[in-house]
$ cat entry.csv   # CSV, C-alpha atoms
chain,number,residue,atom,x,y,z
A,118,MET,CA,0.0,0.0,0.0
A,119,ASN,CA,1.3,3.5,-0.9
A,120,ILE,CA,2.9,5.2,2.2
A,121,GLU,CA,2.2,8.6,0.8
A,122,LYS,CA,-1.6,7.9,0.6
A,123,LEU,CA,-1.5,6.6,4.2
A,124,ILE,CA,0.2,9.6,5.5
A,125,GLU,CA,-2.1,11.9,3.6
A,126,LYS,CA,-5.1,10.1,5.0
A,127,SER,CA,-3.7,10.5,8.5
A,128,ARG,CA,-3.1,14.3,8.0
A,129,ALA,CA,-6.7,14.6,6.9
A,130,ARG,CA,-7.8,12.8,10.1
A,131,GLU,CA,-9.8,10.2,8.1
A,132,PRO,CA,-10.6,6.9,9.7
A,133,PHE,CA,-8.5,3.9,8.6
A,134,SER,CA,-9.9,0.5,7.5
A,135,ARG,CA,-8.8,-2.8,9.0
A,136,GLU,CA,-7.0,-3.5,5.7
A,137,GLU,CA,-5.1,-0.2,5.9
A,138,ILE,CA,-4.0,-0.8,9.5
A,139,VAL,CA,-2.8,-4.3,8.5
A,140,ALA,CA,-0.8,-2.8,5.7
A,141,MET,CA,0.9,-0.3,8.1
A,142,LEU,CA,1.7,-3.2,10.4
A,143,SER,CA,3.1,-5.2,7.5
A,144,PHE,CA,5.9,-2.9,6.5
A,145,PRO,CA,9.3,-4.3,7.6
A,146,SER,CA,10.4,-2.7,10.9
A,147,VAL,CA,13.6,-1.6,9.2
A,148,SER,CA,12.1,0.2,6.3
A,149,GLU,CA,11.6,3.8,5.1
A,150,GLN,CA,7.8,3.3,5.3
A,151,THR,CA,8.0,2.3,9.0
A,152,MET,CA,10.2,5.3,9.7
A,153,ARG,CA,7.6,7.5,8.1
A,154,LEU,CA,4.9,6.0,10.2
A,155,MET,CA,6.9,6.5,13.4
A,156,ALA,CA,7.4,10.1,12.5
A,157,GLU,CA,3.7,10.6,11.9
A,158,GLY,CA,2.8,8.9,15.1
A,159,SER,CA,5.2,11.2,16.9
A,160,ARG,CA,3.7,14.3,15.2
A,161,ILE,CA,0.2,13.4,16.2
A,162,SER,CA,1.0,12.7,19.8
A,163,ARG,CA,3.0,15.9,20.2
A,164,GLU,CA,0.3,17.9,18.6
A,165,LEU,CA,-2.5,16.4,20.9
A,166,THR,CA,-0.5,16.9,24.1
A,167,ASP,CA,1.4,20.1,23.3
A,168,ASN,CA,4.6,17.9,23.5
A,169,GLU,CA,4.0,17.0,27.1
A,170,ALA,CA,4.5,13.3,28.0
A,171,GLU,CA,3.2,11.7,31.2
A,172,VAL,CA,4.7,9.4,33.7
A,173,GLN,CA,2.3,7.6,36.1
A,174,GLY,CA,3.4,5.7,39.1
A,175,GLN,CA,2.0,2.3,39.9
A,176,PHE,CA,2.5,0.2,43.0
A,177,ALA,CA,1.3,-3.3,43.8
A,178,LEU,CA,-1.0,-4.1,46.7
A,179,ASN,CA,-0.2,-7.8,46.7
A,180,LEU,CA,1.8,-10.6,45.2
A,181,ALA,CA,0.0,-14.0,44.8
A,182,PRO,CA,-0.4,-17.0,42.5
A,183,CYS,CA,-3.3,-15.9,40.3
A,184,PRO,CA,-6.0,-18.3,39.2
A,185,ILE,CA,-6.7,-16.5,35.9
A,186,ASN,CA,-3.4,-18.2,34.7
A,187,CYS,CA,-2.5,-15.8,31.9
A,188,GLN,CA,0.2,-17.5,29.9
A,189,PHE,CA,2.2,-14.3,29.7
A,190,CYS,CA,2.1,-13.4,33.4
A,191,SER,CA,4.6,-14.3,36.1
A,192,PHE,CA,1.7,-14.4,38.6
A,193,SER,CA,0.2,-17.4,36.9
A,194,SER,CA,-0.4,-20.1,39.5
A,195,GLU,CA,0.6,-22.7,36.9
A,196,TYR,CA,4.2,-21.4,36.7
A,197,GLU,CA,4.8,-21.4,40.5
A,198,ILE,CA,7.2,-18.5,40.2
A,199,PHE,CA,5.5,-16.9,43.2
A,200,ARG,CA,4.1,-19.6,45.6
A,201,GLU,CA,3.2,-17.5,48.6
A,202,GLN,CA,0.6,-14.8,49.0
A,203,THR,CA,1.8,-11.5,50.4
A,204,GLN,CA,0.2,-8.1,50.6
A,205,ILE,CA,1.2,-4.8,51.8
A,206,SER,CA,-0.5,-3.1,54.7
A,207,VAL,CA,-2.8,-0.1,54.3
A,208,GLU,CA,-0.1,2.0,55.9
A,209,GLN,CA,2.5,0.7,53.4
A,210,ALA,CA,0.1,1.5,50.5
A,211,VAL,CA,-0.3,5.0,51.8
A,212,GLU,CA,3.4,5.5,51.9
A,213,SER,CA,3.9,4.1,48.4
A,214,ALA,CA,1.2,6.4,47.1
A,215,LYS,CA,2.7,9.4,48.8
A,216,LEU,CA,6.1,8.7,47.5
A,217,PHE,CA,4.8,8.9,43.9
A,218,ASP,CA,2.6,11.8,44.8
A,219,SER,CA,5.6,13.8,46.1
A,220,ASN,CA,7.3,13.7,42.7
A,221,ARG,CA,6.2,16.7,40.6
A,222,GLU,CA,6.7,14.7,37.4
A,223,ASN,CA,4.2,12.0,38.4
A,224,ALA,CA,0.8,12.6,36.8
A,225,ALA,CA,-1.3,9.9,38.5
A,226,VAL,CA,-1.1,7.2,41.1
A,227,LEU,CA,-2.1,3.6,40.2
A,228,MET,CA,-2.9,0.8,42.6
A,229,MET,CA,-2.6,-2.7,41.1
A,230,ALA,CA,-3.9,-5.9,42.5
A,231,THR,CA,-4.4,-9.5,41.3
A,232,ALA,CA,-7.8,-10.6,40.1
A,233,ASP,CA,-8.7,-12.4,43.4
A,234,TYR,CA,-7.6,-9.6,45.8
A,235,SER,CA,-10.1,-8.9,48.5
A,236,PHE,CA,-12.6,-6.3,47.2
A,237,GLY,CA,-13.3,-5.0,50.7
A,238,ARG,CA,-9.6,-4.5,51.3
A,239,LEU,CA,-9.3,-2.7,48.0
A,240,LEU,CA,-11.9,-0.2,49.0
A,241,GLU,CA,-10.5,0.2,52.5
A,242,THR,CA,-7.1,0.9,51.1
A,243,ALA,CA,-8.3,3.2,48.4
A,244,GLN,CA,-10.1,5.4,51.0
A,245,GLU,CA,-7.0,5.7,53.2
A,246,VAL,CA,-4.8,6.4,50.2
A,247,ARG,CA,-7.2,9.0,48.8
A,248,ARG,CA,-7.2,10.8,52.1
A,249,ALA,CA,-3.5,10.9,52.1
A,250,LEU,CA,-3.0,12.2,48.6
A,251,ASP,CA,-3.1,15.8,47.4
A,252,PRO,CA,-6.8,16.5,46.5
A,253,SER,CA,-5.8,17.1,42.8
A,254,THR,CA,-4.0,13.8,42.5
A,255,LEU,CA,-5.8,11.2,40.3
A,256,LEU,CA,-6.1,7.8,41.9
A,257,ILE,CA,-6.4,4.9,39.3
A,258,ALA,CA,-7.0,1.2,39.7
A,259,ASN,CA,-5.5,-1.7,37.8
A,260,VAL,CA,-7.7,-4.6,38.9
A,261,GLY,CA,-9.7,-7.5,37.6
A,262,ASP,CA,-13.2,-7.5,36.1
A,263,MET,CA,-15.9,-5.8,38.1
A,264,SER,CA,-19.7,-5.8,38.2
A,265,LEU,CA,-21.5,-2.4,37.8
A,266,GLU,CA,-22.3,-2.3,41.5
A,267,ASN,CA,-18.6,-2.8,42.5
A,268,ALA,CA,-17.5,-0.3,39.9
A,269,LYS,CA,-19.8,2.3,41.5
A,270,ARG,CA,-18.3,1.4,44.9
A,271,MET,CA,-14.8,1.9,43.5
A,272,LYS,CA,-15.8,5.4,42.3
A,273,GLU,CA,-17.3,6.2,45.7
A,274,SER,CA,-14.1,5.1,47.5
A,275,GLY,CA,-12.0,7.6,45.7
A,276,PHE,CA,-10.9,6.1,42.4
A,277,HIS,CA,-11.0,8.4,39.4
A,278,GLY,CA,-10.3,5.8,36.7
A,279,VAL,CA,-9.1,2.4,35.8
A,280,TYR,CA,-6.7,0.6,33.5
A,281,HIS,CA,-8.4,-2.3,31.7
A,282,ALA,CA,-7.6,-4.0,28.5
A,283,VAL,CA,-8.9,-6.8,26.3
A,284,ARG,CA,-5.6,-8.7,26.1
A,285,ILE,CA,-4.6,-10.4,22.9
A,286,GLY,CA,-5.5,-14.1,23.4
A,287,GLU,CA,-8.2,-13.3,25.9
A,288,GLY,CA,-10.2,-16.4,26.6
A,289,SER,CA,-7.6,-18.8,25.2
A,290,ARG,CA,-4.4,-17.8,26.8
A,291,THR,CA,-6.2,-16.4,29.8
A,292,ARG,CA,-9.3,-17.6,31.8
A,293,ALA,CA,-11.0,-14.2,31.3
A,294,PRO,CA,-13.6,-14.3,28.4
A,295,LYS,CA,-13.4,-11.4,25.9
A,296,LYS,CA,-17.0,-10.4,26.6
A,297,GLN,CA,-16.4,-10.3,30.3
A,298,ARG,CA,-13.5,-7.9,29.8
A,299,LEU,CA,-15.6,-5.7,27.5
A,300,ARG,CA,-18.6,-5.8,30.0
A,301,SER,CA,-16.3,-4.7,32.8
A,302,ILE,CA,-15.1,-1.7,30.7
A,303,ARG,CA,-18.7,-0.7,30.1
A,304,ASN,CA,-19.4,-1.1,33.9
A,305,PHE,CA,-16.4,1.1,34.8
A,306,GLN,CA,-17.5,3.8,32.3
A,307,GLU,CA,-21.2,3.6,33.5
A,308,ALA,CA,-20.0,4.1,37.0
A,309,GLY,CA,-18.2,7.3,36.0
A,310,LEU,CA,-14.7,5.9,36.0
A,311,VAL,CA,-12.4,7.0,33.2
A,312,VAL,CA,-10.9,4.0,31.4
A,313,GLY,CA,-7.4,3.8,29.8
A,314,THR,CA,-6.4,0.8,27.7
A,315,CYS,CA,-3.7,-0.7,25.6
A,316,VAL,CA,-3.1,-3.3,22.8
A,317,GLU,CA,-1.2,-5.9,24.7
A,318,PRO,CA,0.8,-8.1,25.3
A,319,ILE,CA,2.2,-8.4,21.7
A,320,GLY,CA,4.5,-11.2,20.8
A,321,PRO,CA,6.0,-12.7,17.5
A,322,GLU,CA,3.2,-15.2,17.6
A,323,HIS,CA,0.5,-12.6,16.8
A,324,PHE,CA,-0.6,-11.9,13.3
A,325,ASN,CA,-0.9,-8.4,11.9
A,326,GLU,CA,-4.7,-9.0,11.4
A,327,GLU,CA,-5.1,-9.8,15.1
A,328,ILE,CA,-3.2,-6.7,16.2
A,329,ALA,CA,-5.2,-4.6,13.8
A,330,GLU,CA,-8.5,-5.9,15.3
A,331,HIS,CA,-7.3,-5.0,18.8
A,332,ILE,CA,-6.2,-1.5,17.7
A,333,MET,CA,-9.7,-0.9,16.4
A,334,LEU,CA,-11.4,-2.4,19.4
A,335,ALA,CA,-9.3,-0.4,21.9
A,336,GLY,CA,-10.2,2.9,20.1
A,337,SER,CA,-13.9,2.0,19.8
A,338,PHE,CA,-14.9,2.8,23.4
A,339,ASP,CA,-13.1,6.2,23.4
A,340,PRO,CA,-10.6,5.5,26.2
A,341,ALA,CA,-8.4,8.0,28.0
A,342,PHE,CA,-5.5,6.5,26.1
A,343,SER,CA,-4.6,3.5,24.0
A,344,GLY,CA,-1.2,2.3,22.9
A,345,ALA,CA,0.8,-0.9,22.5
A,346,ALA,CA,3.0,-3.0,24.7
A,347,ARG,CA,5.1,-6.0,23.9
A,348,ARG,CA,5.0,-9.3,25.8
A,349,ILE,CA,8.0,-9.8,28.1
A,350,THR,CA,9.2,-13.4,28.2
A,351,ILE,CA,8.7,-15.1,31.5
A,352,PRO,CA,11.3,-17.9,32.0
A,353,GLY,CA,9.6,-21.3,32.0
A,354,SER,CA,6.3,-19.9,30.6
A,355,LYS,CA,4.3,-21.5,27.8
A,356,LEU,CA,5.2,-18.6,25.5
A,357,GLU,CA,8.9,-18.6,26.1
A,358,THR,CA,9.7,-20.5,22.9
A,359,HIS,CA,8.2,-17.6,20.8
A,360,GLY,CA,10.7,-15.1,22.1
A,361,MET,CA,9.9,-11.4,22.0
A,362,ILE,CA,9.4,-8.7,19.4
A,363,SER,CA,12.1,-6.0,19.3
A,364,GLU,CA,11.7,-2.5,20.7
A,365,LEU,CA,11.8,-1.3,17.1
A,366,ARG,CA,8.8,-3.5,16.1
A,367,MET,CA,7.0,-2.4,19.3
A,368,SER,CA,7.6,1.2,18.4
A,369,GLN,CA,6.2,0.6,14.9
A,370,ILE,CA,3.0,-0.8,16.5
A,371,VAL,CA,2.9,2.1,18.9
A,372,ALA,CA,3.0,4.5,15.9
A,373,VAL,CA,0.4,2.6,14.0
A,374,THR,CA,-1.9,2.5,17.0
A,375,ARG,CA,-1.6,6.3,17.4
A,376,ILE,CA,-2.3,6.9,13.7
A,377,ALA,CA,-5.3,4.6,13.6
A,378,THR,CA,-6.9,5.6,16.9
A,379,PRO,CA,-9.3,8.6,16.8
A,380,ARG,CA,-7.8,11.9,17.9
A,381,SER,CA,-10.4,12.1,20.7
A,382,VAL,CA,-8.1,9.6,22.4
A,383,THR,CA,-5.4,11.9,23.6
A,384,GLY,CA,-2.8,9.6,25.1
A,385,ASN,CA,-0.7,6.8,23.6
A,386,CYS,CA,1.1,4.5,25.9
A,387,SER,CA,3.9,2.0,25.6
A,388,HIS,CA,5.3,-0.6,27.9
A,389,GLU,CA,7.9,-1.3,28.9
A,390,PRO,CA,9.4,2.2,28.6
A,391,CYS,CA,12.0,3.0,25.9
A,392,SER,CA,13.1,6.1,24.2
A,393,LEU,CA,12.5,4.5,20.7
A,394,ALA,CA,8.8,4.2,21.5
A,395,ALA,CA,8.8,7.8,22.8
A,396,ALA,CA,10.2,8.9,19.5
A,397,ALA,CA,7.5,6.9,17.7
A,398,GLY,CA,4.5,8.6,19.5
A,399,ALA,CA,4.3,7.0,23.0
A,400,SER,CA,3.3,9.8,25.4
A,401,LEU,CA,2.7,7.7,28.5
A,402,PHE,CA,5.1,5.5,30.5
A,403,TRP,CA,4.6,3.8,33.9
A,404,ALA,CA,7.0,3.8,36.8
A,405,GLU,CA,6.5,0.7,39.0
A,406,THR,CA,7.2,-0.6,42.5
A,407,GLY,CA,6.3,-3.9,44.1
A,408,ALA,CA,5.1,-6.9,42.2
A,409,ASN,CA,5.1,-6.8,38.4
A,410,PRO,CA,3.5,-9.4,36.1
A,411,ARG,CA,6.4,-9.1,33.7
A,412,ASP,CA,9.1,-9.6,36.3
A,413,ILE,CA,10.2,-12.6,38.4
A,414,LYS,CA,11.5,-10.4,41.2
A,415,GLU,CA,9.2,-9.7,44.1
A,416,LYS,CA,10.2,-6.0,44.0
A,417,THR,CA,10.3,-4.9,40.4
A,418,GLU,CA,12.2,-1.7,41.3
A,419,GLU,CA,15.1,-4.2,41.8
A,420,GLY,CA,14.4,-5.7,38.4
A,421,ARG,CA,12.6,-4.5,35.3
A,422,GLY,CA,10.7,-1.6,36.9
A,423,LEU,CA,11.8,2.0,36.4
A,424,SER,CA,11.4,5.0,38.6
A,425,VAL,CA,9.5,8.2,37.7
A,426,GLN,CA,12.9,9.8,37.1
A,427,GLY,CA,14.0,6.9,34.9
A,428,CYS,CA,10.8,7.1,32.7
A,429,ALA,CA,11.1,10.9,32.5
A,430,ASP,CA,14.7,10.7,31.4
A,431,LEU,CA,13.7,8.3,28.5
A,432,PHE,CA,11.1,10.8,27.4
A,433,ARG,CA,13.7,13.6,27.5
A,434,GLU,CA,16.0,11.6,25.3
A,435,ALA,CA,13.2,11.9,22.6
A,436,ASP,CA,12.8,15.6,23.2
A,437,TRP,CA,9.5,15.5,25.2
A,438,GLN,CA,8.6,17.8,28.0
A,439,ILE,CA,7.3,16.1,31.1
A,440,ARG,CA,3.8,17.0,32.5
A,441,THR,CA,3.9,18.3,36.0
A,442,GLN,CA,0.1,18.5,36.5
A,443,PRO,CA,-2.5,15.8,37.0
A,444,SER,CA,-2.9,13.5,34.1
A,445,LEU,CA,-4.3,15.1,30.9
A,446,TYR,CA,-5.6,11.7,29.7
A,447,PHE,CA,-7.5,10.7,32.9
A,448,SER,CA,-8.9,14.2,33.1
A,449,LYS,CA,-11.3,13.1,30.3
A,450,THR,CA,-14.8,13.9,31.3
A,451,HIS,CA,-16.8,12.0,28.7
A,452,GLN,CA,-16.5,8.5,27.3
A,453,ARG,CA,-18.6,6.6,24.9
A,454,LEU,CA,-19.9,3.5,26.7
A,455,ALA,CA,-18.3,0.3,25.4
A,456,ASP,CA,-20.6,-2.3,23.9
A,457,PRO,CA,-20.3,-5.5,25.9
A,458,ASP,CA,-21.5,-7.5,22.9
A,459,LEU,CA,-19.1,-5.9,20.4
A,460,PRO,CA,-17.7,-8.7,18.3
A,461,LEU,CA,-14.0,-9.4,18.4
A,462,GLN,CA,-13.0,-11.1,15.2
A,463,VAL,CA,-9.7,-12.7,16.1

$ encode --input "entry.csv" --output "structure tokens"
Amino acid sequence: MNIEKLIEKSRAREPFSREEIVAMLSFPSVSEQTMRLMAEGSRISRELTDNEAEVQGQFALNLAPCPINCQFCSFSSEYEIFREQTQISVEQAVESAKLFDSNRENAAVLMMATADYSFGRLLETAQEVRRALDPSTLLIANVGDMSLENAKRMKESGFHGVYHAVRIGEGSRTRAPKKQRLRSIRNFQEAGLVVGTCVEPIGPEHFNEEIAEHIMLAGSFDPAFSGAARRITIPGSKLETHGMISELRMSQIVAVTRIATPRSVTGNCSHEPCSLAAAAGASLFWAETGANPRDIKEKTEEGRGLSVQGCADLFREADWQIRTQPSLYFSKTHQRLADPDLPLQV
């Protein structure tokens, strides 16, 4: 497909077809066409954000073998990487949140928990964390699927938004059905929680058609941000033999996601952070402490996890300014409700 026509269509802000997205994903990562796409993804992201990238800090509430058994996750109970259940105290959660909140380059605080974490304890912790944070700080949850009733209780407890994604391979490489994930996104939105998402986790085993479907799906419910993240290989996992895609390939997908996602979706994330993705249009990175589903260390700050400063430095290497106010993306006030019966043709 002609790269000039694709760039021209992007500049005109015209919607892309599935076939056009597949075509953009199909260019070799080392090609002039891909470099053009990365430049266009960067242009769009910088235009939408006034060249301000965001770093958001996430800490884990617990570490436990998870019964959802995602094949790409170190928490999977099948892998027995982590055999014991541990959780931080409410006081420790408050301290972790305050540490991120004290950094002027941190745009939001995320609390992450495994799918079977006690919902009552989640609410209790959220309320205490919310009281301890600056009133302007946005508190975000990264948790499992929720009913509408529980989503409303999360909103009441102090959460402003959630991260939730329909992962590639949902229902086959996880025990979470696709419709269940979509229904949760709708529940979060109906409860007044702002939803951010991502096309993830991407590995060499995924076809361009599958990635394109997920790019379109992620943009369809008007999230706070979309983006792309590669699958990190977990030693001994069922997907280890596939290896990983390169940072360049991930950056290509980050750029295509930005180009093909409606401009009403301001943010474009990438994980794990790298300056190449930032140069291709990623405008959101996460700093992490505690447990991490892509790490085999109990404290990811001693492994794969980066600090707020580390993430900000990567953005600066790509000539981004760092936002020092609450998240622009999670400040979104209106979202189109996701259709829980939206077909996912993958």

$ closest_residue --input "entry.csv" --among "A:Ile349, A:Cys315, A:Met228, A:Leu310" --to "Ala177 of chain A" --atoms "only C-alpha atoms"
A:Met228

$ closest_residue --input "entry.csv" --among "A:Ala308, A:Val172, A:Met155, A:Cys190" --to "Arg290 of chain A" --atoms "all atoms listed in the file"
A:Cys190

$ closest_atom_pairs --input "entry.csv" --of "segment 359-424 of chain A" --to "segment 436-439 of chain A" --cutoff "12 Å" --atoms "only C-alpha atoms" --output "JSON lines"
{"residue": "A:Ser392", "atom": "CA", "partner": "A:Asp436", "partner_atom": "CA", "distance": 9.6}
{"residue": "A:Leu393", "atom": "CA", "partner": "A:Asp436", "partner_atom": "CA", "distance": 11.4}
{"residue": "A:Ala394", "atom": "CA", "partner": "A:Trp437", "partner_atom": "CA", "distance": 11.9}
{"residue": "A:Ala395", "atom": "CA", "partner": "A:Trp437", "partner_atom": "CA", "distance": 8.1}
{"residue": "A:Ala396", "atom": "CA", "partner": "A:Asp436", "partner_atom": "CA", "distance": 8.1}
{"residue": "A:Ala397", "atom": "CA", "partner": "A:Asp436", "partner_atom": "CA", "distance": 11.6}
{"residue": "A:Gly398", "atom": "CA", "partner": "A:Trp437", "partner_atom": "CA", "distance": 10.3}
{"residue": "A:Ala399", "atom": "CA", "partner": "A:Trp437", "partner_atom": "CA", "distance": 10.2}
{"residue": "A:Ser400", "atom": "CA", "partner": "A:Trp437", "partner_atom": "CA", "distance": 8.4}
{"residue": "A:Leu401", "atom": "CA", "partner": "A:Ile439", "partner_atom": "CA", "distance": 9.9}
{"residue": "A:Phe402", "atom": "CA", "partner": "A:Ile439", "partner_atom": "CA", "distance": 10.8}

$ atom_distance --input "entry.csv" --atom1 "atom CA of Lys355 of chain A" --atom2 "atom CA of Ser191 of chain A"
11.0 Å

$ residues_around --input "entry.csv" --residues "Lys272 of chain A" --least-positions-apart "2" --cutoff "12 Å" --atoms "only C-alpha atoms" --output "MDAnalysis selection string"
chainID A and resid 239:240 243:244 247 255:258 263 265:270 274:279 304:311

$ write_last_selection --input "entry.csv" --atoms "C-alpha atoms" --output "PDB file, keeping the file's coordinate frame"
ATOM      1  CA  LEU A 239      -9.300  -2.700  48.000  1.00  0.00           C
ATOM      2  CA  LEU A 240     -11.900  -0.200  49.000  1.00  0.00           C
ATOM      3  CA  ALA A 243      -8.300   3.200  48.400  1.00  0.00           C
ATOM      4  CA  GLN A 244     -10.100   5.400  51.000  1.00  0.00           C
ATOM      5  CA  ARG A 247      -7.200   9.000  48.800  1.00  0.00           C
ATOM      6  CA  LEU A 255      -5.800  11.200  40.300  1.00  0.00           C
ATOM      7  CA  LEU A 256      -6.100   7.800  41.900  1.00  0.00           C
ATOM      8  CA  ILE A 257      -6.400   4.900  39.300  1.00  0.00           C
ATOM      9  CA  ALA A 258      -7.000   1.200  39.700  1.00  0.00           C
ATOM     10  CA  MET A 263     -15.900  -5.800  38.100  1.00  0.00           C
ATOM     11  CA  LEU A 265     -21.500  -2.400  37.800  1.00  0.00           C
ATOM     12  CA  GLU A 266     -22.300  -2.300  41.500  1.00  0.00           C
ATOM     13  CA  ASN A 267     -18.600  -2.800  42.500  1.00  0.00           C
ATOM     14  CA  ALA A 268     -17.500  -0.300  39.900  1.00  0.00           C
ATOM     15  CA  LYS A 269     -19.800   2.300  41.500  1.00  0.00           C
ATOM     16  CA  ARG A 270     -18.300   1.400  44.900  1.00  0.00           C
ATOM     17  CA  SER A 274     -14.100   5.100  47.500  1.00  0.00           C
ATOM     18  CA  GLY A 275     -12.000   7.600  45.700  1.00  0.00           C
ATOM     19  CA  PHE A 276     -10.900   6.100  42.400  1.00  0.00           C
ATOM     20  CA  HIS A 277     -11.000   8.400  39.400  1.00  0.00           C
ATOM     21  CA  GLY A 278     -10.300   5.800  36.700  1.00  0.00           C
ATOM     22  CA  VAL A 279      -9.100   2.400  35.800  1.00  0.00           C
ATOM     23  CA  ASN A 304     -19.400  -1.100  33.900  1.00  0.00           C
ATOM     24  CA  PHE A 305     -16.400   1.100  34.800  1.00  0.00           C
ATOM     25  CA  GLN A 306     -17.500   3.800  32.300  1.00  0.00           C
ATOM     26  CA  GLU A 307     -21.200   3.600  33.500  1.00  0.00           C
ATOM     27  CA  ALA A 308     -20.000   4.100  37.000  1.00  0.00           C
ATOM     28  CA  GLY A 309     -18.200   7.300  36.000  1.00  0.00           C
ATOM     29  CA  LEU A 310     -14.700   5.900  36.000  1.00  0.00           C
ATOM     30  CA  VAL A 311     -12.400   7.000  33.200  1.00  0.00           C
TER      31      VAL A 311
END

$ residues_around --input "entry.csv" --residues "Glu405 of chain A" --least-positions-apart "2" --cutoff "9 Å" --atoms "all atoms listed in the file" --output "list in words"
Gln173, Gly174, Gln175, Phe176, Ala177, Trp403, Gly407, Ala408, Asn409, Thr417, Glu418, Arg421, Gly422, Leu423, Ser424 and Val425 of chain A

$ write_last_selection --input "entry.csv" --atoms "C-alpha atoms" --output "compact mmCIF listing (two decimals), keeping the file's coordinate frame"
# COMPACT_ATOMS: atom_id res chain seq x y z
CA GLN A 173 2.30 7.60 36.10
CA GLY A 174 3.40 5.70 39.10
CA GLN A 175 2.00 2.30 39.90
CA PHE A 176 2.50 0.20 43.00
CA ALA A 177 1.30 -3.30 43.80
CA TRP A 403 4.60 3.80 33.90
CA GLY A 407 6.30 -3.90 44.10
CA ALA A 408 5.10 -6.90 42.20
CA ASN A 409 5.10 -6.80 38.40
CA THR A 417 10.30 -4.90 40.40
CA GLU A 418 12.20 -1.70 41.30
CA ARG A 421 12.60 -4.50 35.30
CA GLY A 422 10.70 -1.60 36.90
CA LEU A 423 11.80 2.00 36.40
CA SER A 424 11.40 5.00 38.60
CA VAL A 425 9.50 8.20 37.70

$ closest_atom_pairs --input "entry.csv" --of "segment 142-260 of chain A" --to "segment 364-387 of chain A" --cutoff "12 Å" --atoms "all atoms listed in the file" --output "JSON lines"
{"residue": "A:Leu142", "atom": "CA", "partner": "A:Ile370", "partner_atom": "CA", "distance": 6.7}
{"residue": "A:Ser143", "atom": "CA", "partner": "A:Gln369", "partner_atom": "CA", "distance": 9.9}
{"residue": "A:Phe144", "atom": "CA", "partner": "A:Gln369", "partner_atom": "CA", "distance": 9.1}
{"residue": "A:Pro145", "atom": "CA", "partner": "A:Arg366", "partner_atom": "CA", "distance": 8.6}
{"residue": "A:Ser146", "atom": "CA", "partner": "A:Arg366", "partner_atom": "CA", "distance": 5.5}
{"residue": "A:Val147", "atom": "CA", "partner": "A:Leu365", "partner_atom": "CA", "distance": 8.1}
{"residue": "A:Ser148", "atom": "CA", "partner": "A:Gln369", "partner_atom": "CA", "distance": 10.4}
{"residue": "A:Glu149", "atom": "CA", "partner": "A:Gln369", "partner_atom": "CA", "distance": 11.6}
{"residue": "A:Gln150", "atom": "CA", "partner": "A:Gln369", "partner_atom": "CA", "distance": 10.1}
{"residue": "A:Thr151", "atom": "CA", "partner": "A:Gln369", "partner_atom": "CA", "distance": 6.4}
{"residue": "A:Met152", "atom": "CA", "partner": "A:Gln369", "partner_atom": "CA", "distance": 8.1}
{"residue": "A:Arg153", "atom": "CA", "partner": "A:Ala372", "partner_atom": "CA", "distance": 9.5}
{"residue": "A:Leu154", "atom": "CA", "partner": "A:Ala372", "partner_atom": "CA", "distance": 6.2}
{"residue": "A:Met155", "atom": "CA", "partner": "A:Ala372", "partner_atom": "CA", "distance": 5.0}
{"residue": "A:Ala156", "atom": "CA", "partner": "A:Ala372", "partner_atom": "CA", "distance": 7.9}
{"residue": "A:Glu157", "atom": "CA", "partner": "A:Ile376", "partner_atom": "CA", "distance": 7.3}
{"residue": "A:Gly158", "atom": "CA", "partner": "A:Ala372", "partner_atom": "CA", "distance": 4.5}
{"residue": "A:Ser159", "atom": "CA", "partner": "A:Ala372", "partner_atom": "CA", "distance": 7.1}
{"residue": "A:Arg160", "atom": "CA", "partner": "A:Ile376", "partner_atom": "CA", "distance": 9.6}
{"residue": "A:Ile161", "atom": "CA", "partner": "A:Ile376", "partner_atom": "CA", "distance": 7.4}
{"residue": "A:Ser162", "atom": "CA", "partner": "A:Gly384", "partner_atom": "CA", "distance": 7.2}
{"residue": "A:Arg163", "atom": "CA", "partner": "A:Gly384", "partner_atom": "CA", "distance": 9.9}
{"residue": "A:Glu164", "atom": "CA", "partner": "A:Thr383", "partner_atom": "CA", "distance": 9.7}
{"residue": "A:Leu165", "atom": "CA", "partner": "A:Thr383", "partner_atom": "CA", "distance": 6.0}
{"residue": "A:Thr166", "atom": "CA", "partner": "A:Thr383", "partner_atom": "CA", "distance": 7.0}
{"residue": "A:Asp167", "atom": "CA", "partner": "A:Thr383", "partner_atom": "CA", "distance": 10.7}
{"residue": "A:Asn168", "atom": "CA", "partner": "A:Gly384", "partner_atom": "CA", "distance": 11.2}
{"residue": "A:Glu169", "atom": "CA", "partner": "A:Gly384", "partner_atom": "CA", "distance": 10.2}
{"residue": "A:Ala170", "atom": "CA", "partner": "A:Gly384", "partner_atom": "CA", "distance": 8.7}
{"residue": "A:Glu171", "atom": "CA", "partner": "A:Gly384", "partner_atom": "CA", "distance": 8.8}
{"residue": "A:Val172", "atom": "CA", "partner": "A:Cys386", "partner_atom": "CA", "distance": 9.9}
{"residue": "A:Gln173", "atom": "CA", "partner": "A:Cys386", "partner_atom": "CA", "distance": 10.7}

$ atom_distance --input "entry.csv" --atom1 "atom CA of His323 of chain A" --atom2 "atom CA of Asp456 of chain A"
24.5 Å

$ atom_distance --input "entry.csv" --atom1 "atom CA of Ser363 of chain A" --atom2 "atom CA of Arg347 of chain A"
8.4 Å

$ closest_residue --input "entry.csv" --among "A:Phe324, A:Glu317, A:Ala225, A:Thr358" --to "Gly344 of chain A" --atoms "all atoms listed in the file"
A:Glu317

$ axis_aligned_box --input "entry.csv" --around "segment 391-406 of chain A" --padding-each-side "6 Å" --output "JSON"
{"center_x": 7.9, "center_y": 4.6, "center_z": 30.1, "size_x": 22.4, "size_y": 22.4, "size_z": 36.8}
